[in-house]
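Report on the following structure.
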Amino acid sequence: MEYISSFTYCDTIQTEMTPQGPRHQINNPLQALTPVAIPGNFSFSIACNIAGFDSSKENCVKIMFLDPNGTELYETGDVKFQIPREQIKANGITGMQFNIDIRNLVLKEAGLYSTKVIFNDKVLGEYKIQVTVGEN
């Protein structure tokens, strides 16, 4: 059964190439989104790992960011993927990480925002984060 094994809001996610393959570095995990003014623009990233899915078939994930009223501010659209059979055998893949970089998103009001993770048309999780005016 598919599930979300990790989810993080952060400033950025840097990818470093190593001899073992790409390595993702999560920078400055966030407890709140703090633009200098509201309304205002804000940039942040999301790291989400989904595991427990049937890796032998094509799967689909969609990630949506919503304001306190449930209005969609950002959506990835349907991201379809299938892990190559050779990679499953060689690496024993049990999950897939999605890194999303959201730049200059307009936040119109303070309040509790949320991110919904939808996998194969089923909501796997919803993650909340507070938006407040930050300090200059």
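Letters A, B, ... go to the chains of the structure tokens in the order shown; residues in each chain start at 1; ligands are counted from 1 in the same order.
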Neighbour list for region 53-58 of chain A as a CSV table (one decimal) with all heavy atoms, in the first residue's frame, cut-off 10 Å, only C-alpha atoms, skip fewer than 4 positions in-chain:
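Dumped to selection-v6.csv:
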```
chain,number,residue,atom,x,y,z
A,1,MET,N,0.8,-1.2,0.0
A,1,MET,CA,0.0,0.0,0.0
A,1,MET,C,0.9,1.2,0.0
A,1,MET,O,1.8,1.4,0.8
A,1,MET,CB,-0.9,0.0,1.2
A,1,MET,CG,-1.8,1.1,1.3
A,1,MET,SD,-3.0,0.8,2.6
A,1,MET,CE,-3.1,2.5,3.3
A,2,GLU,N,0.6,2.2,-0.9
A,2,GLU,CA,1.4,3.4,-1.0
A,2,GLU,C,1.2,4.3,0.2
A,2,GLU,O,0.1,4.4,0.8
A,2,GLU,CB,1.1,4.1,-2.3
A,2,GLU,CG,-0.3,4.5,-2.6
A,2,GLU,CD,-1.1,3.4,-3.2
A,2,GLU,OE1,-0.6,2.4,-3.7
A,2,GLU,OE2,-2.4,3.5,-3.1
A,3,TYR,N,2.3,5.0,0.6
A,3,TYR,CA,2.2,6.0,1.7
A,3,TYR,C,3.3,7.0,1.5
A,3,TYR,O,4.3,6.8,0.7
A,3,TYR,CB,2.4,5.2,3.0
A,3,TYR,CG,3.8,4.5,3.1
A,3,TYR,CD1,4.9,5.1,3.7
A,3,TYR,CD2,3.9,3.2,2.6
A,3,TYR,CE1,6.1,4.4,3.8
A,3,TYR,CE2,5.1,2.6,2.7
A,3,TYR,CZ,6.2,3.2,3.3
A,3,TYR,OH,7.4,2.5,3.4
A,80,LYS,N,3.3,11.5,-14.5
A,80,LYS,CA,3.3,10.0,-14.7
A,80,LYS,C,4.7,9.5,-14.7
A,80,LYS,O,5.6,10.1,-15.3
A,80,LYS,CB,2.5,9.6,-16.0
A,80,LYS,CG,1.1,10.0,-15.9
A,80,LYS,CD,0.3,9.7,-17.1
A,80,LYS,CE,-1.1,10.1,-17.0
A,80,LYS,NZ,-2.0,9.7,-18.1
A,81,PHE,N,4.9,8.4,-14.1
A,81,PHE,CA,6.3,7.8,-14.1
A,81,PHE,C,6.2,6.3,-14.0
A,81,PHE,O,5.2,5.7,-13.4
A,81,PHE,CB,7.1,8.4,-12.9
A,81,PHE,CG,6.6,7.9,-11.5
A,81,PHE,CD1,7.2,6.8,-10.9
A,81,PHE,CD2,5.6,8.6,-10.9
A,81,PHE,CE1,6.7,6.4,-9.6
A,81,PHE,CE2,5.2,8.2,-9.7
A,81,PHE,CZ,5.7,7.1,-9.0
A,82,GLN,N,7.2,5.6,-14.5
A,82,GLN,CA,7.4,4.2,-14.3
A,82,GLN,C,8.8,3.9,-14.2
A,82,GLN,O,9.7,4.4,-15.0
A,82,GLN,CB,6.8,3.4,-15.5
A,82,GLN,CG,6.9,1.9,-15.3
A,82,GLN,CD,6.0,1.2,-16.3
A,82,GLN,OE1,5.5,1.8,-17.3
A,82,GLN,NE2,5.8,-0.1,-16.1
A,83,ILE,N,9.2,3.2,-13.2
A,83,ILE,CA,10.6,2.9,-12.9
A,83,ILE,C,11.0,1.7,-13.8
A,83,ILE,O,10.3,0.7,-13.9
A,83,ILE,CB,10.8,2.5,-11.4
A,83,ILE,CG1,10.3,3.7,-10.5
A,83,ILE,CG2,12.2,2.1,-11.1
A,83,ILE,CD1,10.2,3.4,-9.0
A,84,PRO,N,12.1,1.9,-14.5
A,84,PRO,CA,12.6,0.8,-15.4
A,84,PRO,C,12.9,-0.5,-14.6
A,84,PRO,O,13.4,-0.4,-13.5
A,84,PRO,CB,13.9,1.4,-16.0
A,84,PRO,CG,13.8,2.9,-15.8
A,84,PRO,CD,13.0,3.1,-14.6
A,85,ARG,N,12.5,-1.5,-15.2
A,85,ARG,CA,12.6,-2.9,-14.6
A,85,ARG,C,14.0,-3.2,-14.1
A,85,ARG,O,14.3,-3.7,-13.1
A,85,ARG,CB,12.1,-3.9,-15.5
A,85,ARG,CG,11.8,-5.3,-14.9
A,85,ARG,CD,11.1,-6.1,-15.9
A,85,ARG,NE,9.9,-5.4,-16.3
A,85,ARG,CZ,8.6,-5.9,-16.3
A,85,ARG,NH1,8.4,-7.1,-16.0
A,85,ARG,NH2,7.6,-5.1,-16.7
A,88,ILE,N,14.8,-1.4,-10.9
A,88,ILE,CA,14.2,-2.0,-9.7
A,88,ILE,C,15.0,-3.2,-9.3
A,88,ILE,O,15.3,-3.4,-8.1
A,88,ILE,CB,12.8,-2.5,-10.1
A,88,ILE,CG1,11.9,-1.3,-10.4
A,88,ILE,CG2,12.2,-3.3,-8.9
A,88,ILE,CD1,10.6,-1.6,-11.0
A,93,ILE,N,14.5,-0.5,-5.6
A,93,ILE,CA,13.8,0.7,-5.4
A,93,ILE,C,12.5,0.4,-4.7
A,93,ILE,O,11.7,-0.4,-5.1
A,93,ILE,CB,13.6,1.5,-6.7
A,93,ILE,CG1,14.9,2.1,-7.1
A,93,ILE,CG2,12.6,2.7,-6.4
A,93,ILE,CD1,14.8,2.9,-8.3
A,94,THR,N,12.3,1.2,-3.6
A,94,THR,CA,11.0,1.0,-2.8
A,94,THR,C,10.3,2.3,-2.7
A,94,THR,O,9.2,2.4,-2.1
A,94,THR,CB,11.3,0.5,-1.4
A,94,THR,OG1,12.2,1.5,-0.8
A,94,THR,CG2,11.9,-0.8,-1.4
A,95,GLY,N,10.8,3.4,-3.3
A,95,GLY,CA,10.2,4.7,-3.2
A,95,GLY,C,10.6,5.6,-4.3
A,95,GLY,O,11.6,5.4,-5.0
A,96,MET,N,9.9,6.8,-4.4
A,96,MET,CA,10.3,7.8,-5.4
A,96,MET,C,10.2,9.2,-4.7
A,96,MET,O,9.2,9.5,-4.0
A,96,MET,CB,9.3,7.7,-6.5
A,96,MET,CG,9.6,8.8,-7.6
A,96,MET,SD,11.1,8.5,-8.5
A,96,MET,CE,10.5,7.7,-9.9
A,119,PHE,N,-1.9,10.6,-5.2
A,119,PHE,CA,-1.2,9.5,-5.9
A,119,PHE,C,-2.2,8.5,-6.5
A,119,PHE,O,-3.1,8.0,-5.8
A,119,PHE,CB,-0.3,8.7,-4.9
A,119,PHE,CG,0.6,7.8,-5.5
A,119,PHE,CD1,1.8,8.2,-6.1
A,119,PHE,CD2,0.3,6.4,-5.6
A,119,PHE,CE1,2.6,7.2,-6.7
A,119,PHE,CE2,1.1,5.5,-6.1
A,119,PHE,CZ,2.3,5.9,-6.7
A,120,ASN,N,-2.2,8.4,-7.8
A,120,ASN,CA,-3.1,7.5,-8.6
A,120,ASN,C,-4.6,7.9,-8.2
A,120,ASN,O,-5.4,7.0,-7.8
A,120,ASN,CB,-2.8,6.1,-8.4
A,120,ASN,CG,-1.5,5.6,-9.0
A,120,ASN,OD1,-1.0,6.2,-9.9
A,120,ASN,ND2,-1.0,4.5,-8.5
```
- Contacts of Lys108 (chain A) at 12 Å (only C-alpha atoms; same-chain gap of 6+ positions) as a PyMOL selection string: chain A and resi 35+37-42+66-69+71+73+131-133
Residue subset to file, keeping N, CA, C and O atoms, as a PDB file, in the first residue's frame:
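And here is the file that came out, result_39.pdb:
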```
ATOM      1  N   PRO A  35       6.880  35.713   4.243  1.00  0.00           N
ATOM      2  CA  PRO A  35       7.204  36.805   3.314  1.00  0.00           C
ATOM      3  C   PRO A  35       7.365  38.114   4.084  1.00  0.00           C
ATOM      4  O   PRO A  35       6.833  38.268   5.185  1.00  0.00           O
ATOM      5  N   ALA A  37       6.076  40.895   3.407  1.00  0.00           N
ATOM      6  CA  ALA A  37       4.798  41.602   3.425  1.00  0.00           C
ATOM      7  C   ALA A  37       3.712  40.666   2.909  1.00  0.00           C
ATOM      8  O   ALA A  37       3.987  39.738   2.151  1.00  0.00           O
ATOM      9  N   ILE A  38       2.486  40.932   3.334  1.00  0.00           N
ATOM     10  CA  ILE A  38       1.334  40.186   2.828  1.00  0.00           C
ATOM     11  C   ILE A  38       0.314  41.211   2.355  1.00  0.00           C
ATOM     12  O   ILE A  38      -0.059  42.084   3.127  1.00  0.00           O
ATOM     13  N   PRO A  39      -0.147  41.170   1.098  1.00  0.00           N
ATOM     14  CA  PRO A  39       0.275  40.189   0.107  1.00  0.00           C
ATOM     15  C   PRO A  39       1.728  40.396  -0.307  1.00  0.00           C
ATOM     16  O   PRO A  39       2.248  41.506  -0.243  1.00  0.00           O
ATOM     17  N   GLY A  40       2.336  39.290  -0.733  1.00  0.00           N
ATOM     18  CA  GLY A  40       3.722  39.337  -1.171  1.00  0.00           C
ATOM     19  C   GLY A  40       4.135  38.036  -1.822  1.00  0.00           C
ATOM     20  O   GLY A  40       3.422  37.039  -1.746  1.00  0.00           O
ATOM     21  N   ASN A  41       5.291  38.071  -2.466  1.00  0.00           N
ATOM     22  CA  ASN A  41       5.831  36.881  -3.127  1.00  0.00           C
ATOM     23  C   ASN A  41       6.722  36.127  -2.149  1.00  0.00           C
ATOM     24  O   ASN A  41       7.386  36.735  -1.315  1.00  0.00           O
ATOM     25  N   PHE A  42       6.758  34.796  -2.313  1.00  0.00           N
ATOM     26  CA  PHE A  42       7.625  33.982  -1.467  1.00  0.00           C
ATOM     27  C   PHE A  42       8.073  32.769  -2.271  1.00  0.00           C
ATOM     28  O   PHE A  42       7.314  32.215  -3.062  1.00  0.00           O
ATOM     29  N   LEU A  66      -2.465  24.923  -1.531  1.00  0.00           N
ATOM     30  CA  LEU A  66      -3.742  25.619  -1.382  1.00  0.00           C
ATOM     31  C   LEU A  66      -3.677  26.709  -0.321  1.00  0.00           C
ATOM     32  O   LEU A  66      -2.982  26.553   0.691  1.00  0.00           O
ATOM     33  N   ASP A  67      -4.435  27.795  -0.534  1.00  0.00           N
ATOM     34  CA  ASP A  67      -4.497  28.866   0.470  1.00  0.00           C
ATOM     35  C   ASP A  67      -5.486  28.472   1.576  1.00  0.00           C
ATOM     36  O   ASP A  67      -6.115  27.406   1.502  1.00  0.00           O
ATOM     37  N   PRO A  68      -5.656  29.310   2.610  1.00  0.00           N
ATOM     38  CA  PRO A  68      -6.552  28.962   3.715  1.00  0.00           C
ATOM     39  C   PRO A  68      -8.007  28.717   3.303  1.00  0.00           C
ATOM     40  O   PRO A  68      -8.754  28.043   4.012  1.00  0.00           O
ATOM     41  N   ASN A  69      -8.424  29.260   2.159  1.00  0.00           N
ATOM     42  CA  ASN A  69      -9.797  29.076   1.673  1.00  0.00           C
ATOM     43  C   ASN A  69      -9.941  27.847   0.776  1.00  0.00           C
ATOM     44  O   ASN A  69     -11.018  27.597   0.248  1.00  0.00           O
ATOM     45  N   THR A  71      -8.314  27.513  -2.086  1.00  0.00           N
ATOM     46  CA  THR A  71      -8.053  27.911  -3.473  1.00  0.00           C
ATOM     47  C   THR A  71      -6.672  27.425  -3.879  1.00  0.00           C
ATOM     48  O   THR A  71      -5.698  27.633  -3.170  1.00  0.00           O
ATOM     49  N   LEU A  73      -3.218  27.456  -5.438  1.00  0.00           N
ATOM     50  CA  LEU A  73      -2.237  28.468  -5.845  1.00  0.00           C
ATOM     51  C   LEU A  73      -1.169  27.882  -6.752  1.00  0.00           C
ATOM     52  O   LEU A  73      -0.553  28.609  -7.536  1.00  0.00           O
ATOM     53  N   VAL A 131       1.390  30.755   7.295  1.00  0.00           N
ATOM     54  CA  VAL A 131       1.978  31.896   6.580  1.00  0.00           C
ATOM     55  C   VAL A 131       1.770  33.132   7.445  1.00  0.00           C
ATOM     56  O   VAL A 131       0.632  33.456   7.818  1.00  0.00           O
ATOM     57  N   THR A 132       2.882  33.799   7.803  1.00  0.00           N
ATOM     58  CA  THR A 132       2.826  35.014   8.599  1.00  0.00           C
ATOM     59  C   THR A 132       3.839  36.016   8.032  1.00  0.00           C
ATOM     60  O   THR A 132       4.770  35.631   7.312  1.00  0.00           O
ATOM     61  N   VAL A 133       3.664  37.281   8.362  1.00  0.00           N
ATOM     62  CA  VAL A 133       4.614  38.302   7.915  1.00  0.00           C
ATOM     63  C   VAL A 133       5.924  38.075   8.645  1.00  0.00           C
ATOM     64  O   VAL A 133       5.958  37.922   9.867  1.00  0.00           O
TER      65      VAL A 133
END
```
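Residue nearest Ser6 (chain A), chosen from A:Gly70, A:Gly77, A:Gly125, A:Gly134 and counting only C-alpha atoms: A:Gly125.
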Min atom-atom distance to Thr15 (chain A) from the set A:Cys60, A:Asn99, A:Ser43, A:Leu105, counting only C-alpha atoms, belongs to A:Asn99
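CA of Gln20 (chain A) is positioned 23.4 Å from CA of Ile46 (chain A).
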Item to complete: Could you give me the residues within region 52-97 of chain A that DSSP places in strand (DSSP E or B), as JSON, numbers by chain?
Response: {"A": [59, 60, 61, 62, 63, 64, 65, 66, 72, 73, 74, 75, 79, 80, 81, 95, 96, 97]}
Atom pair CA of Leu30 (chain A) + CA of Glu75 (chain A), distance 20.0 Å
Self-check item: DSSP-assigned helix (DSSP H, G or I) members of chain A, reported as a PyMOL selection string
Solution: chain A and resi 85-91
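The nearest approach to Thr12 (chain A) among the residues A:Val61, A:Cys48, A:Ile129, A:Ile26, with only C-alpha atoms taken into account, belongs to A:Ile26.
Residue nearest Asp11 (chain A), chosen from A:Lys62, A:Lys128, A:Arg103, A:Arg23 and counting only C-alpha atoms: A:Arg103.
Straight-line separation from CA of Ile4 (chain A) to CA of Val79 (chain A): 16.1 Å.
Checking A:Gln97, A:Gly52, A:Ile63, A:Glu72 one by one against Ile13 (chain A), counting only C-alpha atoms, you find the shortest gap at A:Gln97.
The nearest approach to Ile102 (chain A) among the residues A:Val123, A:Val36, A:Met64, A:Ile118, with only C-alpha atoms taken into account, belongs to A:Met64.
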